[in-house]
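coords_12.txt (compact mmCIF, C-alpha atoms)
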```
# COMPACT_ATOMS: atom_id res chain seq x y z
CA MET A 1067 44.80 -130.98 -60.00
CA LYS A 1068 43.40 -132.54 -56.82
CA ALA A 1069 40.21 -133.29 -58.63
CA VAL A 1070 42.10 -134.96 -61.42
CA LEU A 1071 44.07 -137.03 -58.92
CA VAL A 1072 40.93 -138.17 -57.12
CA SER A 1073 39.35 -139.13 -60.38
CA ILE A 1074 42.37 -141.16 -61.35
CA VAL A 1075 42.48 -143.02 -58.00
CA THR A 1076 38.75 -143.67 -58.14
CA LEU A 1077 39.09 -144.93 -61.60
CA PHE A 1078 41.89 -147.21 -60.50
CA MET A 1079 39.91 -148.58 -57.62
CA PHE A 1080 36.90 -149.35 -59.64
CA THR A 1081 38.71 -150.68 -62.57
CA SER A 1082 40.84 -153.39 -61.10
CA CYS A 1083 41.09 -154.82 -64.44
CA VAL A 1084 43.55 -151.99 -65.53
CA THR A 1085 46.99 -153.33 -66.16
CA LYS A 1086 50.13 -152.33 -64.29
CA LYS A 1087 51.62 -150.90 -67.45
CA ARG A 1088 48.73 -148.55 -67.86
CA PHE A 1089 49.10 -147.42 -64.30
CA VAL A 1090 52.71 -146.57 -64.76
CA GLU A 1091 51.89 -144.57 -67.86
CA LEU A 1092 49.25 -142.63 -66.00
CA SER A 1093 51.62 -142.04 -63.09
CA ASP A 1094 54.32 -140.61 -65.41
CA LYS A 1095 51.78 -138.44 -67.10
CA TYR A 1096 50.70 -137.17 -63.72
CA ASP A 1097 54.25 -136.25 -62.79
CA LYS A 1098 54.71 -134.40 -66.00
CA LEU A 1099 51.45 -132.56 -65.50
CA TYR A 1100 52.46 -131.67 -61.96
CA LYS A 1101 55.76 -130.19 -63.12
CA THR A 1102 54.09 -128.33 -65.92
CA ASN A 1103 51.55 -126.97 -63.49
CA GLY A 1104 54.40 -125.67 -61.23
CA LYS A 1105 56.01 -123.91 -64.14
CA LEU A 1106 52.70 -122.43 -65.15
CA ILE A 1107 52.10 -121.16 -61.62
CA ALA A 1108 55.61 -119.54 -61.54
CA LYS A 1109 55.12 -118.03 -64.95
CA ASN A 1110 51.70 -116.76 -63.91
CA ASP A 1111 53.26 -115.12 -60.84
CA GLN A 1112 55.91 -113.48 -63.03
CA LEU A 1113 53.26 -112.31 -65.43
CA LEU A 1114 51.34 -110.79 -62.53
CA LYS A 1115 54.49 -108.94 -61.43
CA ASP A 1116 55.14 -107.78 -64.99
CA LYS A 1117 51.56 -106.67 -65.24
CA ASN A 1118 51.89 -104.61 -62.05
CA THR A 1119 55.17 -103.05 -63.30
CA ILE A 1120 53.64 -102.29 -66.69
CA GLY A 1121 50.66 -100.80 -64.92
CA GLU A 1122 52.89 -98.49 -62.93
CA GLN A 1123 54.81 -97.52 -66.07
CA LEU A 1124 51.53 -96.98 -67.87
CA SER A 1125 50.38 -94.67 -65.08
CA GLU A 1126 53.63 -92.74 -65.30
CA LEU A 1127 53.36 -92.53 -69.08
CA GLN A 1128 49.77 -91.37 -68.80
CA GLN A 1129 50.87 -88.65 -66.34
CA GLU A 1130 53.70 -87.63 -68.64
CA LYS A 1131 51.30 -87.62 -71.58
CA LYS A 1132 48.98 -85.39 -69.61
CA GLU A 1133 51.83 -82.98 -68.87
CA VAL A 1134 52.95 -83.06 -72.52
CA ASP A 1135 49.36 -82.45 -73.62
CA ASN A 1136 49.25 -79.44 -71.29
CA GLN A 1137 52.55 -78.15 -72.70
CA VAL A 1138 51.33 -78.69 -76.26
CA ALA A 1139 48.15 -76.80 -75.45
CA SER A 1140 50.20 -73.95 -73.94
CA LEU A 1141 52.52 -73.86 -76.95
CA GLU A 1142 49.56 -73.86 -79.30
CA GLN A 1143 48.10 -70.94 -77.38
CA SER A 1144 51.45 -69.07 -77.51
CA PHE A 1145 51.79 -69.88 -81.20
CA LYS A 1146 48.33 -68.51 -81.90
CA ALA A 1147 49.22 -65.35 -79.91
CA LEU A 1148 52.43 -64.95 -81.91
CA GLN A 1149 50.54 -65.45 -85.14
CA LYS A 1150 48.11 -62.75 -84.06
CA LYS A 1151 50.95 -60.45 -83.12
CA GLN A 1152 52.66 -61.10 -86.46
CA GLU A 1153 49.44 -60.29 -88.28
CA ASN A 1154 49.14 -57.04 -86.30
CA LEU A 1155 52.76 -56.13 -87.02
CA GLN A 1156 52.32 -56.88 -90.71
CA ASP A 1157 49.25 -54.67 -90.77
CA SER A 1158 51.16 -51.89 -89.00
CA TYR A 1159 54.11 -52.26 -91.37
CA ASP A 1160 51.88 -52.16 -94.42
CA LEU A 1161 50.18 -49.05 -93.05
CA LEU A 1162 53.46 -47.31 -92.26
CA SER A 1163 54.95 -48.37 -95.58
CA SER A 1164 52.03 -46.90 -97.50
CA LYS A 1165 52.11 -43.67 -95.48
CA SER A 1166 55.87 -43.06 -95.24
CA SER A 1167 57.12 -44.00 -98.71
CA SER A 1168 57.08 -40.34 -99.76
CA GLU A 1169 58.79 -39.36 -96.52
CA ILE A 1170 61.40 -42.05 -97.07
CA ASN A 1171 62.03 -40.80 -100.59
CA ALA A 1172 62.33 -37.24 -99.31
CA LYS A 1173 64.69 -38.38 -96.58
CA ALA A 1174 66.76 -40.35 -99.07
CA SER A 1175 67.04 -37.25 -101.28
CA GLU A 1176 68.04 -35.17 -98.27
CA ASN A 1177 70.60 -37.78 -97.24
CA GLN A 1178 72.02 -37.77 -100.76
CA LYS A 1179 72.44 -34.00 -100.61
CA LEU A 1180 74.08 -34.31 -97.22
CA LEU A 1181 76.46 -36.96 -98.55
CA ILE A 1182 77.43 -34.72 -101.45
CA ALA A 1183 77.93 -31.78 -99.07
CA LEU A 1184 79.99 -34.02 -96.77
CA GLU A 1185 82.15 -35.17 -99.66
CA ASP A 1186 82.72 -31.55 -100.72
CA LYS A 1187 83.62 -30.69 -97.13
CA GLU A 1188 86.03 -33.60 -96.93
CA ASN A 1189 87.73 -32.47 -100.14
CA GLU A 1190 87.91 -28.95 -98.74
CA LEU A 1191 89.39 -30.28 -95.50
CA PHE A 1192 91.93 -32.35 -97.45
CA GLU A 1193 93.00 -29.21 -99.32
CA GLU A 1194 93.18 -27.24 -96.07
CA GLU A 1195 95.18 -30.05 -94.48
CA ALA A 1196 97.62 -29.98 -97.39
CA GLU A 1197 97.95 -26.21 -96.99
CA LEU A 1198 98.46 -26.64 -93.25
CA ARG A 1199 101.16 -29.21 -93.88
CA LYS A 1200 102.89 -26.78 -96.23
CA LEU A 1201 102.48 -24.00 -93.68
CA LYS A 1202 103.81 -26.22 -90.89
CA ALA A 1203 106.82 -27.13 -93.02
CA ALA A 1204 107.42 -23.45 -93.72
CA LEU A 1205 107.02 -22.60 -90.02
CA ASP A 1206 109.37 -25.41 -89.04
CA ALA A 1207 111.92 -24.12 -91.54
CA ARG A 1208 111.45 -20.57 -90.26
CA SER A 1209 111.72 -21.77 -86.67
CA LYS A 1210 114.95 -23.54 -87.59
CA ARG A 1211 116.27 -20.35 -89.20
CA ILE A 1212 115.29 -18.36 -86.12
CA GLU A 1213 117.06 -20.85 -83.87
CA ASP A 1214 120.13 -20.68 -86.11
CA LEU A 1215 119.87 -16.89 -86.14
CA GLU A 1216 119.56 -16.71 -82.35
CA ALA A 1217 122.52 -19.04 -81.98
CA LEU A 1218 124.53 -16.96 -84.44
CA ILE A 1219 123.60 -13.69 -82.71
CA ALA A 1220 124.48 -15.19 -79.33
CA SER A 1221 127.79 -16.32 -80.79
CA LYS A 1222 128.41 -12.81 -82.17
CA GLU A 1223 127.51 -11.27 -78.82
CA GLN A 1224 129.89 -13.61 -77.02
CA ALA A 1225 132.59 -12.79 -79.55
CA MET A 1226 132.00 -9.06 -79.07
CA GLU A 1227 132.10 -9.46 -75.29
CA LYS A 1228 135.39 -11.29 -75.62
CA LEU A 1229 136.67 -8.61 -78.01
CA LYS A 1230 135.68 -5.83 -75.61
CA ASP A 1231 137.60 -7.55 -72.83
CA ALA A 1232 140.63 -7.97 -75.11
CA ILE A 1233 140.55 -4.28 -76.13
CA SER A 1234 140.13 -3.14 -72.54
CA ASP A 1235 143.10 -5.28 -71.53
CA ALA A 1236 145.19 -3.95 -74.44
CA LEU A 1237 144.32 -0.27 -73.75
CA ILE A 1238 144.15 -0.45 -69.97
CA GLY A 1239 147.15 1.86 -69.72
CA PHE A 1240 145.31 4.56 -71.66
CA GLU A 1241 141.91 4.45 -69.95
CA GLY A 1242 141.38 7.60 -67.89
CA LYS A 1243 143.78 9.48 -70.16
CA GLY A 1244 141.25 10.50 -72.78
CA LEU A 1245 140.27 6.93 -73.85
CA THR A 1246 137.12 4.96 -73.03
CA VAL A 1247 135.87 1.53 -74.13
CA VAL A 1248 132.09 0.95 -74.04
CA GLN A 1249 129.92 -1.91 -75.34
CA ARG A 1250 126.49 -0.76 -76.46
CA ASP A 1251 123.76 -2.10 -78.83
CA GLY A 1252 125.92 -5.03 -79.88
CA LYS A 1253 128.85 -2.78 -80.83
CA ILE A 1254 132.05 -1.64 -79.13
CA TYR A 1255 132.84 2.06 -79.04
CA VAL A 1256 136.48 3.06 -78.49
CA SER A 1257 136.50 6.83 -77.95
CA MET A 1258 139.81 8.77 -77.98
CA ASP A 1259 139.93 12.47 -77.12
CA ASN A 1260 141.97 14.75 -79.39
CA LYS A 1261 144.32 15.56 -76.50
CA LEU A 1262 145.50 11.94 -76.71
CA LEU A 1263 145.86 11.91 -80.49
CA PHE A 1264 146.29 15.34 -82.12
CA GLY A 1265 147.58 18.79 -81.49
CA SER A 1266 145.23 21.74 -81.91
CA GLY A 1267 144.11 22.00 -85.54
CA GLN A 1268 146.38 19.08 -86.51
CA TRP A 1269 145.67 15.64 -87.97
CA ALA A 1270 149.05 14.02 -87.46
CA VAL A 1271 148.81 11.49 -84.61
CA GLY A 1272 151.13 12.08 -81.68
CA ALA A 1273 153.44 9.44 -80.23
CA ASN A 1274 151.31 8.60 -77.22
CA GLY A 1275 148.15 8.36 -79.28
CA LYS A 1276 149.93 6.22 -81.86
CA LYS A 1277 150.85 3.72 -79.13
CA ALA A 1278 147.18 3.39 -78.21
CA VAL A 1279 146.14 2.86 -81.85
CA ILE A 1280 148.88 0.25 -82.35
CA GLU A 1281 147.71 -1.69 -79.28
CA LEU A 1282 144.18 -1.62 -80.70
CA ALA A 1283 145.48 -2.81 -84.07
CA LYS A 1284 147.03 -5.89 -82.45
CA VAL A 1285 143.62 -6.96 -81.23
CA LEU A 1286 141.93 -6.20 -84.56
CA VAL A 1287 144.45 -8.26 -86.52
CA GLU A 1288 143.34 -11.28 -84.49
CA ASN A 1289 139.67 -10.54 -85.30
CA PRO A 1290 139.48 -10.21 -89.10
CA ASP A 1291 135.65 -10.57 -89.11
CA ILE A 1292 135.15 -7.31 -87.18
CA ASN A 1293 134.07 -4.21 -89.14
CA VAL A 1294 135.95 -1.08 -88.07
CA LEU A 1295 134.40 2.36 -88.55
CA ILE A 1296 136.69 5.34 -87.79
CA GLU A 1297 134.69 8.53 -87.15
CA GLY A 1298 136.30 11.96 -86.78
CA HIS A 1299 134.43 14.57 -84.67
CA THR A 1300 135.09 18.26 -84.00
CA ASP A 1301 133.59 20.99 -81.85
CA ASN A 1302 131.69 23.91 -83.41
CA VAL A 1303 134.68 26.25 -83.65
CA PRO A 1304 135.29 26.92 -87.37
CA TYR A 1305 138.60 25.73 -88.80
CA LYS A 1306 140.61 28.79 -90.03
CA SER A 1307 144.15 27.62 -90.74
CA GLY A 1308 143.62 27.44 -94.51
CA GLY A 1309 145.71 25.24 -96.80
CA VAL A 1310 144.23 21.92 -97.97
CA ILE A 1311 141.78 21.90 -95.05
CA GLN A 1312 138.78 24.12 -95.69
CA ASP A 1313 136.59 23.44 -92.64
CA ASN A 1314 135.67 21.04 -89.85
CA TRP A 1315 134.38 18.49 -92.36
CA ASP A 1316 137.82 18.20 -93.93
CA LEU A 1317 139.52 18.17 -90.53
CA SER A 1318 137.29 15.40 -89.16
CA VAL A 1319 137.92 13.25 -92.25
CA LYS A 1320 141.68 13.85 -92.23
CA ARG A 1321 141.89 12.82 -88.58
CA ALA A 1322 139.88 9.66 -89.30
CA THR A 1323 142.10 8.68 -92.24
CA ALA A 1324 145.19 9.31 -90.10
CA ILE A 1325 143.98 6.57 -87.73
CA VAL A 1326 143.18 4.34 -90.72
CA ARG A 1327 146.76 4.57 -91.99
CA ILE A 1328 148.19 3.48 -88.64
CA LEU A 1329 145.83 0.48 -88.56
CA GLN A 1330 146.81 -0.46 -92.11
CA ASN A 1331 150.50 -0.19 -91.30
CA GLU A 1332 149.87 -2.59 -88.40
CA LYS A 1333 148.39 -5.19 -90.82
CA VAL A 1334 144.70 -4.56 -90.14
CA SER A 1335 142.91 -5.50 -93.38
CA ALA A 1336 141.72 -2.52 -95.38
CA ASN A 1337 138.53 -4.51 -96.13
CA GLN A 1338 137.60 -4.17 -92.47
CA ILE A 1339 138.02 -0.40 -92.26
CA THR A 1340 135.76 2.53 -93.13
CA ALA A 1341 136.74 6.18 -92.51
CA ALA A 1342 134.10 8.86 -91.91
CA GLY A 1343 134.06 12.53 -90.88
CA ARG A 1344 131.12 13.80 -88.81
CA SER A 1345 132.41 17.37 -88.35
CA GLU A 1346 130.62 19.11 -85.47
CA TYR A 1347 127.22 17.52 -86.07
CA ASN A 1348 127.28 14.61 -83.65
CA PRO A 1349 128.32 16.14 -80.30
CA VAL A 1350 128.35 14.18 -77.05
CA ALA A 1351 128.40 17.30 -74.86
CA THR A 1352 127.51 20.98 -75.06
CA ASN A 1353 129.73 23.26 -77.10
CA GLU A 1354 128.98 26.11 -74.68
CA THR A 1355 131.79 25.11 -72.30
CA VAL A 1356 135.50 24.43 -72.66
CA GLU A 1357 135.02 20.97 -71.13
CA GLY A 1358 132.13 20.17 -73.49
CA LYS A 1359 134.09 21.20 -76.56
CA ALA A 1360 137.02 19.04 -75.44
CA LYS A 1361 134.71 16.00 -75.23
CA ASN A 1362 133.29 16.67 -78.70
CA ARG A 1363 136.78 16.78 -80.27
CA ARG A 1364 137.38 13.05 -80.54
CA ILE A 1365 137.93 9.96 -82.64
CA GLU A 1366 135.36 7.19 -82.24
CA ILE A 1367 136.31 3.74 -83.42
CA VAL A 1368 133.09 1.71 -83.77
CA LEU A 1369 133.63 -2.06 -83.89
CA SER A 1370 130.71 -4.22 -85.11
CA PRO A 1371 130.41 -7.89 -86.00
CA ASN A 1372 130.22 -9.02 -89.59
CA LEU A 1373 126.52 -9.64 -90.15
CA ASP A 1374 126.73 -11.29 -93.59
CA ALA A 1375 125.77 -14.73 -92.16
CA ILE A 1376 122.86 -13.19 -90.25
CA THR A 1377 121.70 -11.29 -93.37
CA LYS A 1378 121.87 -14.51 -95.39
CA LEU A 1379 119.67 -16.29 -92.84
CA LEU A 1380 117.17 -13.43 -92.83
CA ASN A 1381 116.94 -13.45 -96.65
CA GLU A 1382 116.37 -17.21 -96.94
```

Translate the structure described by the file into structure tokens.
Amino acid sequence: MKAVLVSIVTLFMFTSCVTKKRFVELSDKYDKLYKTNGKLIAKNDQLLKDKNTIGEQLSELQQEKKEVDNQVASLEQSFKALQKKQENLQDSYDLLSSKSSSEINAKASENQKLLIALEDKENELFEEEAELRKLKAALDARSKRIEDLEALIASKEQAMEKLKDAISDALIGFEGKGLTVVQRDGKIYVSMDNKLLFGSGQWAVGANGKKAVIELAKVLVENPDINVLIEGHTDNVPYKSGGVIQDNWDLSVKRATAIVRILQNEKVSANQITAAGRSEYNPVATNETVEGKAKNRRIEIVLSPNLDAITKLLNE
């Protein structure tokens, strides 16, 4: 620009003939060129800055491209290794497939047999389970019956215990006078010696013995579910009085029925009572002594609970 300015001045100096108007035009043009030059210089500076920035970005991009190229190369290498591995696996699979097809078929056949056997076993187990359920139901029912039976037996035992106490209380005035009350094997045994009940060779009950039987009858009337067995017993001395009584069998029975009649007269139900004669064949002592014979001559009243309910439970 300096050179241009010098040229213009020189030209002006040597060309004095140039008009003022022309000078002004040249001066304006100079100003415009000067401003344009300033803008161009600023723009050039900006372009230089942009060039430097772009250069830095280009360097960064080139570095990134280098890293990406390295990654691509690594991936390509890994991909080729995977391809090789796939090819090897395919070869191995084809080899195994060709070799083991028969084994697979054999195994499949074996598995089929096992499945059939398993299904049969399951059906068998289902049947056994059904049987076990039936058995369990039967056992539960039997267990319930046993519980009911045990409860019923316990109730009978309690009732017999209570009955024994009632009889003992009713006959307390006769105990030690040829009368005993014993509970044994779920039954109550009331034993009366003949000296309390009968005269020698007789079957008519005496007054004192009748009182004892009447007191017993009062208790039995209040216990209609009790079975009453009247047993007559003798010693081994043969009966010789003649008449309607032939021997000890007849005498033992007559004495038992004599007790039965007193019980009936005192309103004890005949359905409860059984009379039996045992003659001399169920002794409680030796017949070799006077004392033993006296013990054998007796009436035993055996009281037992009615077991119909228990029998019904056992038969179910």

For a test of reading the model, state the distance in Å between atom CA of Glu1133 of chain A and atom CA of Leu1113 of chain A, rounded to one decimal.
29.6 Å

For segment 1284-1319 of chain A versus segment 1257-1274 of chain A, which residues have an atom no more than 8 Å away, and what is each residue's nearest atom pair and distance in Å rounded to one decimal, using all atoms listed in the file, chain-then-number order, as JSON lines?
```
{"residue": "A:Tyr1305", "atom": "CA", "partner": "A:Gly1267", "partner_atom": "CA", "distance": 7.4}
{"residue": "A:Ser1307", "atom": "CA", "partner": "A:Gly1267", "partner_atom": "CA", "distance": 7.7}
{"residue": "A:Leu1317", "atom": "CA", "partner": "A:Trp1269", "partner_atom": "CA", "distance": 7.1}
```

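The gap separating atom CA of Leu1237 of chain A from atom CA of Leu1373 of chain A is 26.0 Å, in Å to one decimal.
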
Extract, using all atoms listed in the file, all DNA, RNA and protein residues at most 7 Å from segment 1346-1354 of chain A, discarding same-chain residues fewer than 5 positions from it, and format them as a list in words.
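Final neighbour list, sorted by chain and number: His1299, Thr1300, Asp1301, Asn1302, Asn1314, Lys1359, Lys1361 and Asn1362 of chain A.
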
Applying 8 Å and only C-alpha atoms, which residues near segment 1363-1372 of chain A remain after dropping the ones on its own chain fewer than 5 positions away? List them as an NGL selection string.
:A and (1222 or 1226 or 1252-1260 or 1291-1301 or 1321-1322)

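Note that the spacing between atom CA of Asp1097 of chain A and atom CA of Gln1112 of chain A amounts to 22.8 Å.
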
Sphere at (140.2, 1.1, -71.2), radius 12 Å, counting only C-alpha atoms: residues as a VMD selection string
chain A and resid 1230 to 1249 1254 to 1258 1278 1281 to 1282

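Closest approach to Arg1327 of chain A among A:Lys1276, A:Ala1183, A:Asn1103, A:Ser1140 is made by A:Lys1276 (distances from only C-alpha atoms).
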
Please, which residues are within 9 Å of (123.2, -12.4, -84.6) by the file's coordinates, counting only C-alpha atoms, and could they come as a ChimeraX atom specification?
/A:1214-1223,1371,1373,1375-1377

Find the spatial neighbours of Ala1283 of chain A, counting only C-alpha atoms, within a cut-off of 10 Å - ignore same-chain residues fewer than 2 positions away - and output them as JSON, numbers by chain.
{"A": [1233, 1236, 1277, 1278, 1279, 1280, 1281, 1285, 1286, 1287, 1288, 1289, 1328, 1329, 1330, 1331, 1332, 1333, 1334]}

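Nearest to Ala1336 of chain A of all the residues A:Glu1213, A:Pro1290, A:Asn1136, A:Lys1151 is A:Pro1290, counting all atoms listed in the file.
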
Coords for segment 1278-1306 of chain A, N, CA and C atoms, as a PDB file, in the first residue's frame:
```
ATOM      1  N   ALA A1278     -79.394-109.838 104.559  1.00  0.00           N
ATOM      2  CA  ALA A1278     -78.232-109.494 103.732  1.00  0.00           C
ATOM      3  C   ALA A1278     -78.593-109.485 102.253  1.00  0.00           C
ATOM      4  N   VAL A1279     -79.368-110.484 101.813  1.00  0.00           N
ATOM      5  CA  VAL A1279     -79.750-110.554 100.390  1.00  0.00           C
ATOM      6  C   VAL A1279     -80.643-109.384 100.019  1.00  0.00           C
ATOM      7  N   ILE A1280     -81.542-108.977 100.918  1.00  0.00           N
ATOM      8  CA  ILE A1280     -82.432-107.843 100.643  1.00  0.00           C
ATOM      9  C   ILE A1280     -81.637-106.545 100.496  1.00  0.00           C
ATOM     10  N   GLU A1281     -80.625-106.359 101.383  1.00  0.00           N
ATOM     11  CA  GLU A1281     -79.787-105.167 101.256  1.00  0.00           C
ATOM     12  C   GLU A1281     -79.046-105.152  99.920  1.00  0.00           C
ATOM     13  N   LEU A1282     -78.587-106.331  99.499  1.00  0.00           N
ATOM     14  CA  LEU A1282     -77.926-106.430  98.183  1.00  0.00           C
ATOM     15  C   LEU A1282     -78.915-106.109  97.067  1.00  0.00           C
ATOM     16  N   ALA A1283     -80.146-106.581  97.205  1.00  0.00           N
ATOM     17  CA  ALA A1283     -81.157-106.350  96.172  1.00  0.00           C
ATOM     18  C   ALA A1283     -81.423-104.857  95.993  1.00  0.00           C
ATOM     19  N   LYS A1284     -81.388-104.088  97.075  1.00  0.00           N
ATOM     20  CA  LYS A1284     -81.632-102.654  96.967  1.00  0.00           C
ATOM     21  C   LYS A1284     -80.596-101.989  96.050  1.00  0.00           C
ATOM     22  N   VAL A1285     -79.371-102.446  96.166  1.00  0.00           N
ATOM     23  CA  VAL A1285     -78.321-101.877  95.317  1.00  0.00           C
ATOM     24  C   VAL A1285     -78.506-102.316  93.872  1.00  0.00           C
ATOM     25  N   LEU A1286     -78.876-103.603  93.677  1.00  0.00           N
ATOM     26  CA  LEU A1286     -79.023-104.125  92.314  1.00  0.00           C
ATOM     27  C   LEU A1286     -80.188-103.492  91.575  1.00  0.00           C
ATOM     28  N   VAL A1287     -81.251-103.150  92.299  1.00  0.00           N
ATOM     29  CA  VAL A1287     -82.400-102.490  91.654  1.00  0.00           C
ATOM     30  C   VAL A1287     -81.976-101.162  91.041  1.00  0.00           C
ATOM     31  N   GLU A1288     -81.033-100.495  91.670  1.00  0.00           N
ATOM     32  CA  GLU A1288     -80.549 -99.210  91.154  1.00  0.00           C
ATOM     33  C   GLU A1288     -79.506 -99.377  90.049  1.00  0.00           C
ATOM     34  N   ASN A1289     -79.127-100.599  89.738  1.00  0.00           N
ATOM     35  CA  ASN A1289     -78.140-100.879  88.683  1.00  0.00           C
ATOM     36  C   ASN A1289     -78.680-101.960  87.742  1.00  0.00           C
ATOM     37  N   PRO A1290     -79.676-101.611  86.935  1.00  0.00           N
ATOM     38  CA  PRO A1290     -80.337-102.620  86.091  1.00  0.00           C
ATOM     39  C   PRO A1290     -79.447-103.159  84.966  1.00  0.00           C
ATOM     40  N   ASP A1291     -78.293-102.532  84.697  1.00  0.00           N
ATOM     41  CA  ASP A1291     -77.414-103.022  83.633  1.00  0.00           C
ATOM     42  C   ASP A1291     -76.402-104.047  84.132  1.00  0.00           C
ATOM     43  N   ILE A1292     -76.460-104.410  85.410  1.00  0.00           N
ATOM     44  CA  ILE A1292     -75.515-105.370  85.973  1.00  0.00           C
ATOM     45  C   ILE A1292     -76.078-106.790  85.841  1.00  0.00           C
ATOM     46  N   ASN A1293     -75.236-107.694  85.306  1.00  0.00           N
ATOM     47  CA  ASN A1293     -75.612-109.116  85.235  1.00  0.00           C
ATOM     48  C   ASN A1293     -75.292-109.785  86.569  1.00  0.00           C
ATOM     49  N   VAL A1294     -76.235-110.593  87.049  1.00  0.00           N
ATOM     50  CA  VAL A1294     -76.114-111.213  88.375  1.00  0.00           C
ATOM     51  C   VAL A1294     -76.113-112.725  88.206  1.00  0.00           C
ATOM     52  N   LEU A1295     -75.007-113.354  88.552  1.00  0.00           N
ATOM     53  CA  LEU A1295     -74.893-114.810  88.504  1.00  0.00           C
ATOM     54  C   LEU A1295     -74.875-115.339  89.937  1.00  0.00           C
ATOM     55  N   ILE A1296     -75.841-116.200  90.277  1.00  0.00           N
ATOM     56  CA  ILE A1296     -75.917-116.807  91.611  1.00  0.00           C
ATOM     57  C   ILE A1296     -75.393-118.234  91.502  1.00  0.00           C
ATOM     58  N   GLU A1297     -74.281-118.514  92.162  1.00  0.00           N
ATOM     59  CA  GLU A1297     -73.669-119.847  92.138  1.00  0.00           C
ATOM     60  C   GLU A1297     -73.774-120.500  93.512  1.00  0.00           C
ATOM     61  N   GLY A1298     -74.328-121.745  93.528  1.00  0.00           N
ATOM     62  CA  GLY A1298     -74.364-122.521  94.761  1.00  0.00           C
ATOM     63  C   GLY A1298     -73.191-123.495  94.805  1.00  0.00           C
ATOM     64  N   HIS A1299     -72.518-123.586  95.952  1.00  0.00           N
ATOM     65  CA  HIS A1299     -71.362-124.474  96.141  1.00  0.00           C
ATOM     66  C   HIS A1299     -71.542-125.322  97.393  1.00  0.00           C
ATOM     67  N   THR A1300     -71.064-126.561  97.335  1.00  0.00           N
ATOM     68  CA  THR A1300     -71.107-127.460  98.494  1.00  0.00           C
ATOM     69  C   THR A1300     -69.712-127.974  98.789  1.00  0.00           C
ATOM     70  N   ASP A1301     -69.592-128.695  99.930  1.00  0.00           N
ATOM     71  CA  ASP A1301     -68.351-129.423 100.173  1.00  0.00           C
ATOM     72  C   ASP A1301     -68.467-130.791  99.506  1.00  0.00           C
ATOM     73  N   ASN A1302     -67.577-131.709  99.824  1.00  0.00           N
ATOM     74  CA  ASN A1302     -67.582-133.017  99.142  1.00  0.00           C
ATOM     75  C   ASN A1302     -68.306-134.097  99.922  1.00  0.00           C
ATOM     76  N   VAL A1303     -69.032-133.667 100.969  1.00  0.00           N
ATOM     77  CA  VAL A1303     -69.823-134.667 101.727  1.00  0.00           C
ATOM     78  C   VAL A1303     -71.095-134.955 100.944  1.00  0.00           C
ATOM     79  N   PRO A1304     -71.374-136.223 100.601  1.00  0.00           N
ATOM     80  CA  PRO A1304     -72.567-136.541  99.811  1.00  0.00           C
ATOM     81  C   PRO A1304     -73.845-136.178 100.561  1.00  0.00           C
ATOM     82  N   TYR A1305     -74.830-135.689  99.766  1.00  0.00           N
ATOM     83  CA  TYR A1305     -76.133-135.361 100.346  1.00  0.00           C
ATOM     84  C   TYR A1305     -76.927-136.660 100.474  1.00  0.00           C
ATOM     85  N   LYS A1306     -77.528-136.927 101.703  1.00  0.00           N
ATOM     86  CA  LYS A1306     -78.178-138.217 101.949  1.00  0.00           C
ATOM     87  C   LYS A1306     -79.579-138.081 102.516  1.00  0.00           C
TER      88      LYS A1306
END
```
